[in-house]
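Quick notes on the structure that follows.
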Amino acid sequence: MAKVLVFLVSKDANEARLLAEAFNTLDIRMTWVQGRNTALARSLVDRPVLVIESVADNEPQPLELLTRFRAEETLRGAWFFLLCSKITRELAETAKAAGVTGLLVKPFEPMALIERIKKWTGINFLNSAIEDVRRWQDEKKTAPNGV
C-alpha cells in the first residue's frame, strides 16, 4: 500500500483518471472524492497528506472546503491546492490569505502538475517522481493505440 494519500475533490471523471494514472505510477494512492461533505468526512478518517480541489469558474465559495479543513485540528497540516481554469487576482489573493498551498491551472498535463506540487511542498515522496512519470509517459506514447 502506498505511504501517502492524495485526495482529488472533483466532479470531472477525466481529471480523476489523468491524475490517478500519474499518481498510481508513482505508488502514490490517490482517491477521487465527489463533493465537499464527502471529502471532509473521508478526510477525517483517511487523513490525506495532500488535497487537490477542482473548482468551477462560477463557484460561489471556492475556499469553503479549505476553510472546513483548517477548522479541523487533524487536517490543518494537509497541503491544499485549488485546480481552476482561470485564476483571477482576487482569487489568488483570497486563496493565499486563506492558506492555500498553491493554485493550479486546468487543463493540465499530469507531469507539470506534479512538478508544481513538488516545487511548492518539497514533499520527499515526489523527489524521484519526475523521472518515473516521464518514463511512464514515454511508454504510453510509444504503446500501440496509446494503451
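Labels for the C-alpha cells follow display order: chains A, B, ..., residues from 1 in each chain, ligands from 1.
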Exercise for review: Identify, on the basis of only C-alpha atoms, every residue whose closest approach to range 41-54 of chain A does not exceed 9 Å; exclude the query and any residue fewer than 4 positions from it along the same chain; express the result as number ranges by chain.
Suggested key: A: 4-12, 15, 33, 36-37, 62, 65-66, 69, 72, 74-75, 77-85, 104, 106
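These are the residues of range 37-69 of chain A assigned strand (DSSP E or B) by DSSP from backbone coordinates: Leu50, Val51, Ile52, Glu53 and Ser54 of chain A.
Residue nearest Leu19 in chain A, chosen from A:Asn58, A:Thr31, A:Thr67, A:Thr121 and counting only C-alpha atoms: A:Thr31.
The nearest approach to Leu113 in chain A among the residues A:Ala13, A:Leu91, A:Ala22, A:Val55, with only C-alpha atoms taken into account, belongs to A:Ala22.
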Review point. Which residues in chain A does DSSP call alpha helix (DSSP H)? List them as a PyMOL selection string.
Key: chain A and resi 13-25+36-46+64-71+89-98+110-121+129-142
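Of the residues under consideration (A:Ala56, A:Ala92, A:Ala16, A:Ala71), A:Ala16 shows the shortest atom-to-atom contact distance to Gln34 in chain A when counting only C-alpha atoms.
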